$ cat model.cif   # mmCIF, C-alpha atoms and all ligand atoms; chains and numbers go by the auth columns
data_model
loop_
_atom_site.group_PDB
_atom_site.id
_atom_site.type_symbol
_atom_site.label_atom_id
_atom_site.label_comp_id
_atom_site.label_asym_id
_atom_site.label_seq_id
_atom_site.Cartn_x
_atom_site.Cartn_y
_atom_site.Cartn_z
_atom_site.B_iso_or_equiv
_atom_site.auth_seq_id
_atom_site.auth_asym_id
ATOM 1 C CA MET A 1 -76.593 10.463 7.008 0.00 177 Z
ATOM 2 C CA ARG A 2 -79.880 8.776 7.860 0.00 178 Z
ATOM 3 C CA LEU A 3 -80.283 6.113 5.280 0.00 179 Z
ATOM 4 C CA VAL A 4 -82.896 3.428 4.627 0.00 180 Z
ATOM 5 C CA LEU A 5 -82.149 0.396 2.482 0.00 181 Z
ATOM 6 C CA VAL A 6 -85.152 -1.176 0.760 0.00 182 Z
ATOM 7 C CA GLY A 7 -85.346 -4.238 -1.439 0.00 183 Z
ATOM 8 C CA PRO A 8 -86.947 -7.657 -1.664 0.00 184 Z
ATOM 9 C CA PRO A 9 -85.618 -10.598 0.343 0.00 185 Z
ATOM 10 C CA GLY A 10 -82.530 -11.837 -1.477 0.00 186 Z
ATOM 11 C CA ALA A 11 -81.612 -8.464 -2.979 0.00 187 Z
ATOM 12 C CA GLY A 12 -78.410 -8.402 -0.932 0.00 188 Z
ATOM 13 C CA LYS A 13 -79.519 -5.814 1.639 0.00 189 Z
ATOM 14 C CA GLY A 14 -77.659 -7.412 4.545 0.00 190 Z
ATOM 15 C CA THR A 15 -74.411 -7.769 2.639 0.00 191 Z
ATOM 16 C CA GLN A 16 -74.512 -4.277 1.156 0.00 192 Z
ATOM 17 C CA ALA A 17 -75.688 -2.687 4.416 0.00 193 Z
ATOM 18 C CA GLY A 18 -72.531 -3.837 6.215 0.00 194 Z
ATOM 19 C CA VAL A 19 -70.177 -2.531 3.535 0.00 195 Z
ATOM 20 C CA ILE A 20 -71.972 0.759 2.879 0.00 196 Z
ATOM 21 C CA ALA A 21 -72.382 1.572 6.571 0.00 197 Z
ATOM 22 C CA GLU A 22 -68.694 0.937 7.190 0.00 198 Z
ATOM 23 C CA ARG A 23 -67.711 3.233 4.324 0.00 199 Z
ATOM 24 C CA LEU A 24 -70.015 5.953 5.623 0.00 200 Z
ATOM 25 C CA GLY A 25 -68.974 5.488 9.252 0.00 201 Z
ATOM 26 C CA ILE A 26 -72.505 4.862 10.507 0.00 202 Z
ATOM 27 C CA PRO A 27 -74.025 1.804 12.211 0.00 203 Z
ATOM 28 C CA ALA A 28 -75.972 -0.700 10.089 0.00 204 Z
ATOM 29 C CA ILE A 29 -79.138 -1.565 11.979 0.00 205 Z
ATOM 30 C CA SER A 30 -80.964 -4.674 10.802 0.00 206 Z
ATOM 31 C CA THR A 31 -84.299 -5.481 12.410 0.00 207 Z
ATOM 32 C CA GLY A 32 -83.989 -9.073 11.125 0.00 208 Z
ATOM 33 C CA ASP A 33 -80.579 -9.418 12.841 0.00 209 Z
ATOM 34 C CA ILE A 34 -81.956 -7.982 16.094 0.00 210 Z
ATOM 35 C CA PHE A 35 -84.867 -10.445 16.000 0.00 211 Z
ATOM 36 C CA ARG A 36 -82.559 -13.378 15.234 0.00 212 Z
ATOM 37 C CA ALA A 37 -80.198 -12.427 18.090 0.00 213 Z
ATOM 38 C CA ASN A 38 -83.203 -12.310 20.441 0.00 214 Z
ATOM 39 C CA ILE A 39 -84.456 -15.696 19.235 0.00 215 Z
ATOM 40 C CA LYS A 40 -81.006 -17.170 19.783 0.00 216 Z
ATOM 41 C CA GLY A 41 -80.834 -15.622 23.252 0.00 217 Z
ATOM 42 C CA GLY A 42 -84.323 -16.877 24.145 0.00 218 Z
ATOM 43 C CA THR A 43 -85.538 -13.405 25.191 0.00 219 Z
ATOM 44 C CA PRO A 44 -89.275 -12.544 25.456 0.00 220 Z
ATOM 45 C CA LEU A 45 -88.919 -10.419 22.298 0.00 221 Z
ATOM 46 C CA GLY A 46 -87.411 -13.405 20.480 0.00 222 Z
ATOM 47 C CA GLN A 47 -90.201 -15.687 21.647 0.00 223 Z
ATOM 48 C CA GLU A 48 -92.793 -13.190 20.442 0.00 224 Z
ATOM 49 C CA ALA A 49 -91.163 -12.742 17.025 0.00 225 Z
ATOM 50 C CA LYS A 50 -90.254 -16.344 16.194 0.00 226 Z
ATOM 51 C CA SER A 51 -93.553 -17.681 14.896 0.00 227 Z
ATOM 52 C CA TYR A 52 -94.000 -14.714 12.550 0.00 228 Z
ATOM 53 C CA ILE A 53 -90.469 -14.990 11.192 0.00 229 Z
ATOM 54 C CA ASP A 54 -90.723 -18.751 10.653 0.00 230 Z
ATOM 55 C CA ALA A 55 -93.938 -18.192 8.692 0.00 231 Z
ATOM 56 C CA GLY A 56 -92.407 -15.419 6.554 0.00 232 Z
ATOM 57 C CA LYS A 57 -94.841 -12.854 8.008 0.00 233 Z
ATOM 58 C CA LEU A 58 -94.080 -9.439 9.453 0.00 234 Z
ATOM 59 C CA VAL A 59 -93.657 -9.222 13.209 0.00 235 Z
ATOM 60 C CA PRO A 60 -96.480 -6.939 14.486 0.00 236 Z
ATOM 61 C CA ASP A 61 -95.786 -3.207 14.131 0.00 237 Z
ATOM 62 C CA GLU A 62 -96.290 -2.553 17.800 0.00 238 Z
ATOM 63 C CA VAL A 63 -93.366 -4.853 18.686 0.00 239 Z
ATOM 64 C CA THR A 64 -91.108 -3.772 15.827 0.00 240 Z
ATOM 65 C CA ASN A 65 -91.733 -0.043 16.231 0.00 241 Z
ATOM 66 C CA ARG A 66 -90.928 -0.176 19.929 0.00 242 Z
ATOM 67 C CA MET A 67 -87.747 -2.107 19.260 0.00 243 Z
ATOM 68 C CA ILE A 68 -86.504 0.325 16.605 0.00 244 Z
ATOM 69 C CA ALA A 69 -87.308 3.414 18.704 0.00 245 Z
ATOM 70 C CA ASP A 70 -85.196 1.914 21.460 0.00 246 Z
ATOM 71 C CA ARG A 71 -82.330 1.063 19.079 0.00 247 Z
ATOM 72 C CA LEU A 72 -82.293 4.522 17.458 0.00 248 Z
ATOM 73 C CA SER A 73 -82.130 6.203 20.850 0.00 249 Z
ATOM 74 C CA GLN A 74 -78.740 4.600 21.520 0.00 250 Z
ATOM 75 C CA ASP A 75 -75.643 6.791 21.291 0.00 251 Z
ATOM 76 C CA ASP A 76 -74.087 5.235 18.185 0.00 252 Z
ATOM 77 C CA ALA A 77 -77.152 6.130 16.116 0.00 253 Z
ATOM 78 C CA LYS A 78 -77.175 9.810 17.081 0.00 254 Z
ATOM 79 C CA ASN A 79 -75.119 10.966 14.094 0.00 255 Z
ATOM 80 C CA GLY A 80 -76.678 8.764 11.463 0.00 256 Z
ATOM 81 C CA PHE A 81 -77.557 5.185 10.658 0.00 257 Z
ATOM 82 C CA LEU A 82 -78.350 2.781 7.877 0.00 258 Z
ATOM 83 C CA LEU A 83 -81.586 0.881 8.399 0.00 259 Z
ATOM 84 C CA ASP A 84 -81.748 -2.557 6.806 0.00 260 Z
ATOM 85 C CA GLY A 85 -85.207 -4.147 6.859 0.00 261 Z
ATOM 86 C CA TYR A 86 -87.089 -1.274 8.462 0.00 262 Z
ATOM 87 C CA PRO A 87 -89.514 0.261 7.632 0.00 263 Z
ATOM 88 C CA ARG A 88 -91.351 -2.602 5.949 0.00 264 Z
ATOM 89 C CA ASN A 89 -94.848 -1.168 5.582 0.00 265 Z
ATOM 90 C CA SER A 90 -96.557 2.234 5.486 0.00 266 Z
ATOM 91 C CA GLU A 91 -97.317 2.270 9.222 0.00 267 Z
ATOM 92 C CA GLN A 92 -93.658 1.710 10.050 0.00 268 Z
ATOM 93 C CA ALA A 93 -92.572 4.412 7.576 0.00 269 Z
ATOM 94 C CA GLU A 94 -94.903 6.850 9.290 0.00 270 Z
ATOM 95 C CA HIS A 95 -93.681 5.752 12.701 0.00 271 Z
ATOM 96 C CA LEU A 96 -90.074 6.343 11.658 0.00 272 Z
ATOM 97 C CA ASP A 97 -90.926 9.843 10.408 0.00 273 Z
ATOM 98 C CA LYS A 98 -92.656 10.521 13.707 0.00 274 Z
ATOM 99 C CA ILE A 99 -89.860 9.422 16.036 0.00 275 Z
ATOM 100 C CA LEU A 100 -87.226 11.251 13.999 0.00 276 Z
ATOM 101 C CA SER A 101 -89.285 14.430 13.749 0.00 277 Z
ATOM 102 C CA GLU A 102 -89.593 14.524 17.538 0.00 278 Z
ATOM 103 C CA ASP A 103 -85.848 15.274 17.508 0.00 279 Z
ATOM 104 C CA GLY A 104 -86.120 17.603 14.492 0.00 280 Z
ATOM 105 C CA LEU A 105 -84.657 14.908 12.229 0.00 281 Z
ATOM 106 C CA ALA A 106 -85.731 13.045 9.094 0.00 282 Z
ATOM 107 C CA VAL A 107 -84.679 10.246 6.758 0.00 283 Z
ATOM 108 C CA ASP A 108 -82.249 11.723 4.211 0.00 284 Z
ATOM 109 C CA THR A 109 -82.206 9.053 1.519 0.00 285 Z
ATOM 110 C CA VAL A 110 -83.846 5.736 0.711 0.00 286 Z
ATOM 111 C CA LEU A 111 -81.798 3.408 -1.450 0.00 287 Z
ATOM 112 C CA GLU A 112 -83.741 0.742 -3.306 0.00 288 Z
ATOM 113 C CA LEU A 113 -81.909 -2.407 -4.419 0.00 289 Z
ATOM 114 C CA GLN A 114 -83.626 -3.719 -7.546 0.00 290 Z
ATOM 115 C CA VAL A 115 -83.417 -7.406 -8.467 0.00 291 Z
ATOM 116 C CA PRO A 116 -85.811 -9.203 -10.858 0.00 292 Z
ATOM 117 C CA GLU A 117 -88.122 -11.518 -8.940 0.00 293 Z
ATOM 118 C CA ASP A 118 -87.090 -14.674 -10.834 0.00 294 Z
ATOM 119 C CA LEU A 119 -83.530 -14.361 -9.467 0.00 295 Z
ATOM 120 C CA LEU A 120 -84.570 -13.978 -5.838 0.00 296 Z
ATOM 121 C CA VAL A 121 -85.597 -17.526 -4.937 0.00 297 Z
ATOM 122 C CA SER A 122 -82.252 -19.083 -5.900 0.00 298 Z
ATOM 123 C CA ARG A 123 -80.383 -16.219 -4.231 0.00 299 Z
ATOM 124 C CA ILE A 124 -82.220 -16.905 -0.974 0.00 300 Z
ATOM 125 C CA THR A 125 -82.253 -20.702 -0.881 0.00 301 Z
ATOM 126 C CA GLY A 126 -78.482 -20.825 -1.595 0.00 302 Z
ATOM 127 C CA ARG A 127 -77.691 -18.271 1.097 0.00 303 Z
ATOM 128 C CA ARG A 128 -75.594 -19.355 4.082 0.00 304 Z
ATOM 129 C CA THR A 129 -74.241 -17.409 7.066 0.00 305 Z
ATOM 130 C CA SER A 130 -71.032 -18.184 8.915 0.00 306 Z
ATOM 131 C CA SER A 131 -71.705 -18.684 12.606 0.00 307 Z
ATOM 132 C CA LYS A 132 -68.055 -17.773 13.219 0.00 308 Z
ATOM 133 C CA THR A 133 -67.653 -14.491 11.312 0.00 309 Z
ATOM 134 C CA GLY A 134 -71.271 -13.532 10.615 0.00 310 Z
ATOM 135 C CA LYS A 135 -70.401 -13.208 6.919 0.00 311 Z
ATOM 136 C CA ILE A 136 -73.067 -13.998 4.343 0.00 312 Z
ATOM 137 C CA TYR A 137 -72.204 -16.283 1.425 0.00 313 Z
ATOM 138 C CA HIS A 138 -74.002 -17.986 -1.444 0.00 314 Z
ATOM 139 C CA LEU A 139 -73.186 -21.599 -2.268 0.00 315 Z
ATOM 140 C CA GLU A 140 -73.029 -20.809 -5.977 0.00 316 Z
ATOM 141 C CA PHE A 141 -72.661 -17.032 -6.473 0.00 317 Z
ATOM 142 C CA ASN A 142 -70.349 -16.162 -3.557 0.00 318 Z
ATOM 143 C CA PRO A 143 -68.861 -19.430 -2.257 0.00 319 Z
ATOM 144 C CA PRO A 144 -67.240 -19.405 1.183 0.00 320 Z
ATOM 145 C CA PRO A 145 -63.511 -20.036 1.682 0.00 321 Z
ATOM 146 C CA ALA A 146 -62.631 -23.582 2.818 0.00 322 Z
ATOM 147 C CA ASP A 147 -62.140 -22.607 6.492 0.00 323 Z
ATOM 148 C CA GLU A 148 -65.674 -21.218 6.686 0.00 324 Z
ATOM 149 C CA VAL A 149 -67.460 -24.289 5.301 0.00 325 Z
ATOM 150 C CA GLU A 150 -67.858 -26.088 8.642 0.00 326 Z
ATOM 151 C CA HIS A 151 -69.395 -22.952 10.222 0.00 327 Z
ATOM 152 C CA LEU A 152 -72.130 -22.379 7.648 0.00 328 Z
ATOM 153 C CA THR A 153 -75.719 -22.149 8.819 0.00 329 Z
ATOM 154 C CA GLN A 154 -78.949 -21.604 6.922 0.00 330 Z
ATOM 155 C CA ARG A 155 -81.657 -19.251 8.178 0.00 331 Z
ATOM 156 C CA SER A 156 -84.817 -21.148 9.093 0.00 332 Z
ATOM 157 C CA ASP A 157 -86.872 -18.784 6.885 0.00 333 Z
ATOM 158 C CA ASP A 158 -84.638 -19.211 3.820 0.00 334 Z
ATOM 159 C CA THR A 159 -86.453 -22.327 2.608 0.00 335 Z
ATOM 160 C CA GLU A 160 -88.261 -22.256 -0.729 0.00 336 Z
ATOM 161 C CA GLU A 161 -91.662 -22.563 0.920 0.00 337 Z
ATOM 162 C CA VAL A 162 -91.215 -19.586 3.268 0.00 338 Z
ATOM 163 C CA VAL A 163 -89.480 -17.511 0.602 0.00 339 Z
ATOM 164 C CA ARG A 164 -92.640 -17.424 -1.524 0.00 340 Z
ATOM 165 C CA ASP A 165 -94.557 -15.955 1.417 0.00 341 Z
ATOM 166 C CA ARG A 166 -91.816 -13.420 2.138 0.00 342 Z
ATOM 167 C CA LEU A 167 -91.847 -12.287 -1.484 0.00 343 Z
ATOM 168 C CA ALA A 168 -95.626 -11.861 -1.358 0.00 344 Z
ATOM 169 C CA VAL A 169 -95.325 -9.817 1.846 0.00 345 Z
ATOM 170 C CA TYR A 170 -92.714 -7.642 0.141 0.00 346 Z
ATOM 171 C CA ARG A 171 -94.944 -7.044 -2.887 0.00 347 Z
ATOM 172 C CA ASP A 172 -98.081 -6.310 -0.868 0.00 348 Z
ATOM 173 C CA GLU A 173 -96.768 -4.486 2.182 0.00 349 Z
ATOM 174 C CA THR A 174 -93.228 -3.203 1.632 0.00 350 Z
ATOM 175 C CA ALA A 175 -93.192 -2.110 -2.019 0.00 351 Z
ATOM 176 C CA PRO A 176 -95.759 0.679 -1.356 0.00 352 Z
ATOM 177 C CA ILE A 177 -93.262 2.524 0.879 0.00 353 Z
ATOM 178 C CA ILE A 178 -91.049 3.004 -2.171 0.00 354 Z
ATOM 179 C CA ASP A 179 -93.719 5.302 -3.560 0.00 355 Z
ATOM 180 C CA PHE A 180 -94.083 7.037 -0.202 0.00 356 Z
ATOM 181 C CA TYR A 181 -90.389 8.014 -0.273 0.00 357 Z
ATOM 182 C CA ALA A 182 -90.359 8.773 -4.003 0.00 358 Z
ATOM 183 C CA LYS A 183 -93.073 11.362 -3.369 0.00 359 Z
ATOM 184 C CA GLN A 184 -90.837 12.917 -0.706 0.00 360 Z
ATOM 185 C CA GLY A 185 -88.012 13.126 -3.296 0.00 361 Z
ATOM 186 C CA LYS A 186 -85.805 10.823 -1.216 0.00 362 Z
ATOM 187 C CA LEU A 187 -85.657 7.708 -3.382 0.00 363 Z
ATOM 188 C CA LYS A 188 -82.559 6.433 -5.213 0.00 364 Z
ATOM 189 C CA SER A 189 -82.865 3.107 -7.040 0.00 365 Z
ATOM 190 C CA ILE A 190 -79.997 0.989 -8.298 0.00 366 Z
ATOM 191 C CA ASP A 191 -79.658 -2.249 -10.237 0.00 367 Z
ATOM 192 C CA ALA A 192 -78.481 -4.746 -7.598 0.00 368 Z
ATOM 193 C CA VAL A 193 -77.621 -7.574 -9.999 0.00 369 Z
ATOM 194 C CA GLY A 194 -73.892 -8.127 -10.403 0.00 370 Z
ATOM 195 C CA GLU A 195 -70.709 -8.617 -8.436 0.00 371 Z
ATOM 196 C CA LEU A 196 -70.833 -7.530 -4.822 0.00 372 Z
ATOM 197 C CA ASP A 197 -68.199 -4.777 -5.323 0.00 373 Z
ATOM 198 C CA GLU A 198 -69.891 -3.506 -8.428 0.00 374 Z
ATOM 199 C CA VAL A 199 -73.220 -3.135 -6.623 0.00 375 Z
ATOM 200 C CA THR A 200 -71.508 -1.387 -3.684 0.00 376 Z
ATOM 201 C CA LYS A 201 -69.953 1.069 -6.127 0.00 377 Z
ATOM 202 C CA ARG A 202 -73.317 1.780 -7.740 0.00 378 Z
ATOM 203 C CA ALA A 203 -74.796 2.337 -4.293 0.00 379 Z
ATOM 204 C CA LEU A 204 -72.062 4.722 -3.143 0.00 380 Z
ATOM 205 C CA ASP A 205 -72.099 6.637 -6.459 0.00 381 Z
ATOM 206 C CA SER A 206 -75.822 7.040 -6.214 0.00 382 Z
ATOM 207 C CA LEU A 207 -75.596 8.241 -2.605 0.00 383 Z
ATOM 208 C CA GLN A 208 -72.956 10.778 -3.544 0.00 384 Z
ATOM 209 C CA SER A 209 -75.313 12.322 -6.024 0.00 385 Z
ATOM 210 C CA ALA A 210 -78.019 12.461 -3.339 0.00 386 Z
HETATM 211 P P1 LIG B . -84.705 -9.924 7.225 0.00 1 A
HETATM 212 O O1 LIG B . -83.492 -10.414 7.932 0.00 1 A
HETATM 213 O O2 LIG B . -84.705 -8.432 7.023 0.00 1 A
HETATM 214 O O3 LIG B . -84.986 -10.663 5.938 0.00 1 A
HETATM 215 O O4 LIG B . -85.957 -10.215 8.192 0.00 1 A
HETATM 216 C C1 LIG B . -86.301 -11.541 8.558 0.00 1 A
HETATM 217 C C2 LIG B . -87.695 -11.566 9.132 0.00 1 A
HETATM 218 O O5 LIG B . -87.731 -10.769 10.324 0.00 1 A
HETATM 219 C C3 LIG B . -88.799 -11.016 8.244 0.00 1 A
HETATM 220 O O6 LIG B . -89.273 -11.952 7.303 0.00 1 A
HETATM 221 C C4 LIG B . -89.852 -10.648 9.291 0.00 1 A
HETATM 222 O O7 LIG B . -90.516 -11.806 9.764 0.00 1 A
HETATM 223 C C5 LIG B . -88.992 -10.113 10.432 0.00 1 A
HETATM 224 N N1 LIG B . -88.768 -8.661 10.279 0.00 1 A
HETATM 225 C C6 LIG B . -87.594 -8.031 9.990 0.00 1 A
HETATM 226 N N2 LIG B . -87.774 -6.700 9.923 0.00 1 A
HETATM 227 C C7 LIG B . -89.094 -6.481 10.164 0.00 1 A
HETATM 228 C C8 LIG B . -89.908 -5.331 10.202 0.00 1 A
HETATM 229 N N3 LIG B . -89.408 -4.098 9.960 0.00 1 A
HETATM 230 N N4 LIG B . -91.224 -5.485 10.506 0.00 1 A
HETATM 231 C C9 LIG B . -91.736 -6.688 10.756 0.00 1 A
HETATM 232 N N5 LIG B . -91.045 -7.832 10.697 0.00 1 A
HETATM 233 C C10 LIG B . -89.725 -7.740 10.402 0.00 1 A
#
$ encode --input "model.cif" --output "structure tokens"
Amino acid sequence: MRLVLVGPPGAGKGTQAGVIAERLGIPAISTGDIFRANIKGGTPLGQEAKSYIDAGKLVPDEVTNRMIADRLSQDDAKNGFLLDGYPRNSEQAEHLDKILSEDGLAVDTVLELQVPEDLLVSRITGRRTSSKTGKIYHLEFNPPPADEVEHLTQRSDDTEEVVRDRLAVYRDETAPIIDFYAKQGKLKSIDAVGELDEVTKRALDSLQSA
């Protein structure tokens, strides 16, 4: 299955992507994670992306599109994938269609995680990642176990100030692709408010009826 996960920052895309992809036996590919790994490793790609990410803006399409084409050409993505955080605007959606169609392939389903905007800011500013396990927690809604506490880190773009910009980018640039996929009959939308397991179940049920 070639699946795209769409939703505003703080909707739980990263958390759900990991669980859903594991259940479906496909790799979860997160453009945000790839950028962050490159920033950490000090690569040229990381250096190029950092200022955009810190400002809550999209990394230029030319950079992102090249990176995703390269990632999708790797062996583990040949039989399906779950994209988390890509595409993020109409140009990227068209680029994805183009690179897949060159191999006679297409996106099968787009799953939209819906969360009311007033919940997103607190979900993002309370988010922490374990540098040891990579797991994502929330200080209030999904607290980490005691042995994870010392490993918690906060993403540099998860501050209240940057979050507002990221939400505006989502509204202006990303939300229109939801319509693009709805017109292709590929869109499934679920309510992503609730317990983690509950939301996963909604997601898998909705994919089964795809
Ligand atoms: P995420 O981890 O998906 O929230 O992404 C974190 C940041 O990485 C975003 O705010 C953007 O700056 C950048 N980013 C991730 N995916 C993309 C994309 N598809 N296009 C452009 N920038 C992206």
$ resolve_selection --input "model.cif" --expression "the PyMOL selection byres (((chain Z and resi 238) around 12) and not hetatm)" --output "MDAnalysis selection string"
chainID Z and resid 221 224:225 234:237 239:245 267:268 271
$ residues_near_ligand --input "model.cif" --ligand "ligand LIG 1 (chain A)" --cutoff "6 Å" --atoms "all atoms listed in the file" --output "ChimeraX atom specification"
/Z:185,207-209,228-229,232-235,240,261-264,342
$ residues_around --input "model.cif" --residues "region 323-333 of chain Z" --least-positions-apart "2" --cutoff "7 Å" --atoms "all atoms listed in the file" --output "PyMOL selection string"
chain Z and resi 229-230+232+303-308+320-321+335+338-339
$ closest_residue --input "model.cif" --among "Z:Val182, Z:Leu281, Z:Leu259, Z:Ala253" --to "Leu363 (chain Z)" --atoms "all atoms listed in the file"
Z:Val182
$ resolve_selection --input "model.cif" --expression "the PyMOL selection byres (((chain Z and resi 350-354) around 10) and not hetatm)" --output "number ranges by chain"
Z: 182-184, 261-270, 286-288, 343-349, 355-359, 362-365
$ residues_around --input "model.cif" --residues "Lys377 (chain Z)" --least-positions-apart "5" --cutoff "12 Å" --atoms "only C-alpha atoms" --output "VMD selection string"
chain Z and resid 192 195 to 196 199 366 to 368 370 to 372 382 to 384
$ atom_distance --input "model.cif" --atom1 "CA of Ala204 (chain Z)" --atom2 "CA of Gly217 (chain Z)"
20.5 Å
$ atom_distance --input "model.cif" --atom1 "CA of Ile210 (chain Z)" --atom2 "CA of Ile300 (chain Z)"
19.3 Å
$ residues_near_point --input "model.cif" --point "(-72.4, 6.0, 13.5)" --cutoff "10 Å" --atoms "all atoms listed in the file" --output "ChimeraX atom specification"
/Z:177-178,197-198,200-204,251-258
$ atom_distance --input "model.cif" --atom1 "CA of Gln250 (chain Z)" --atom2 "CA of Ile312 (chain Z)"
25.9 Å
$ resolve_selection --input "model.cif" --expression "the PyMOL selection byres (((chain Z and resi 297) around 8) and not hetatm)" --output "list in words"
Gly186, Glu293, Asp294, Leu295, Leu296, Ser298, Arg299, Ile300, Thr301, Glu336, Val339 and Arg340 of chain Z
$ closest_residue --input "model.cif" --among "Z:Ala187, Z:Ala231, Z:Leu181, Z:Ile215" --to "Val369 (chain Z)" --atoms "all atoms listed in the file"
Z:Ala187
$ closest_residue --input "model.cif" --among "Z:Asp373, Z:Asp246, Z:Glu337, Z:Asp284" --to "Gly188 (chain Z)" --atoms "only C-alpha atoms"
Z:Asp373
$ decode --input "model.cif" --residues "region 267-273 of chain Z" --atoms "all heavy atoms" --output "CSV table (one decimal), in the first residue's frame"
chain,number,residue,atom,x,y,z
Z,267,GLU,N,2.6,21.6,-5.2
Z,267,GLU,CA,3.7,21.2,-6.1
Z,267,GLU,C,4.3,19.9,-5.7
Z,267,GLU,O,4.6,19.0,-6.6
Z,267,GLU,CB,4.8,22.3,-6.0
Z,267,GLU,CG,4.5,23.6,-6.7
Z,267,GLU,CD,3.4,24.4,-5.9
Z,267,GLU,OE1,3.3,24.2,-4.6
Z,267,GLU,OE2,2.8,25.3,-6.5
Z,268,GLN,N,4.4,19.6,-4.4
Z,268,GLN,CA,4.9,18.4,-4.0
Z,268,GLN,C,4.0,17.2,-4.3
Z,268,GLN,O,4.4,16.1,-4.7
Z,268,GLN,CB,5.2,18.4,-2.5
Z,268,GLN,CG,6.3,19.4,-2.1
Z,268,GLN,CD,6.7,19.4,-0.6
Z,268,GLN,OE1,6.1,18.5,0.2
Z,268,GLN,NE2,7.5,20.3,-0.2
Z,269,ALA,N,2.7,17.5,-4.2
Z,269,ALA,CA,1.7,16.4,-4.5
Z,269,ALA,C,1.8,16.0,-6.0
Z,269,ALA,O,1.8,14.8,-6.3
Z,269,ALA,CB,0.3,16.9,-4.2
Z,270,GLU,N,2.0,17.1,-6.8
Z,270,GLU,CA,2.1,16.8,-8.2
Z,270,GLU,C,3.5,16.1,-8.5
Z,270,GLU,O,3.5,15.2,-9.4
Z,270,GLU,CB,2.0,18.1,-9.0
Z,270,GLU,CG,0.6,18.4,-9.2
Z,270,GLU,CD,0.3,19.9,-9.6
Z,270,GLU,OE1,1.3,20.5,-10.1
Z,270,GLU,OE2,-0.8,20.4,-9.4
Z,271,HIS,N,4.5,16.4,-7.8
Z,271,HIS,CA,5.8,15.8,-8.0
Z,271,HIS,C,5.7,14.3,-7.6
Z,271,HIS,O,6.2,13.4,-8.3
Z,271,HIS,CB,6.9,16.5,-7.1
Z,271,HIS,CG,8.2,15.9,-7.3
Z,271,HIS,ND1,8.8,15.1,-6.3
Z,271,HIS,CD2,9.2,16.0,-8.2
Z,271,HIS,CE1,10.0,14.7,-6.7
Z,271,HIS,NE2,10.2,15.2,-7.8
Z,272,LEU,N,5.0,14.0,-6.5
Z,272,LEU,CA,4.9,12.6,-6.1
Z,272,LEU,C,4.1,11.8,-7.1
Z,272,LEU,O,4.5,10.7,-7.5
Z,272,LEU,CB,4.1,12.6,-4.7
Z,272,LEU,CG,3.9,11.2,-4.1
Z,272,LEU,CD1,5.2,10.5,-3.8
Z,272,LEU,CD2,3.1,11.3,-2.8
Z,273,ASP,N,3.0,12.4,-7.6
Z,273,ASP,CA,2.3,11.7,-8.7
Z,273,ASP,C,3.2,11.4,-9.9
Z,273,ASP,O,3.2,10.3,-10.4
Z,273,ASP,CB,1.1,12.6,-9.2
Z,273,ASP,CG,-0.1,12.4,-8.4
Z,273,ASP,OD1,-0.1,11.6,-7.4
Z,273,ASP,OD2,-1.2,13.0,-8.7
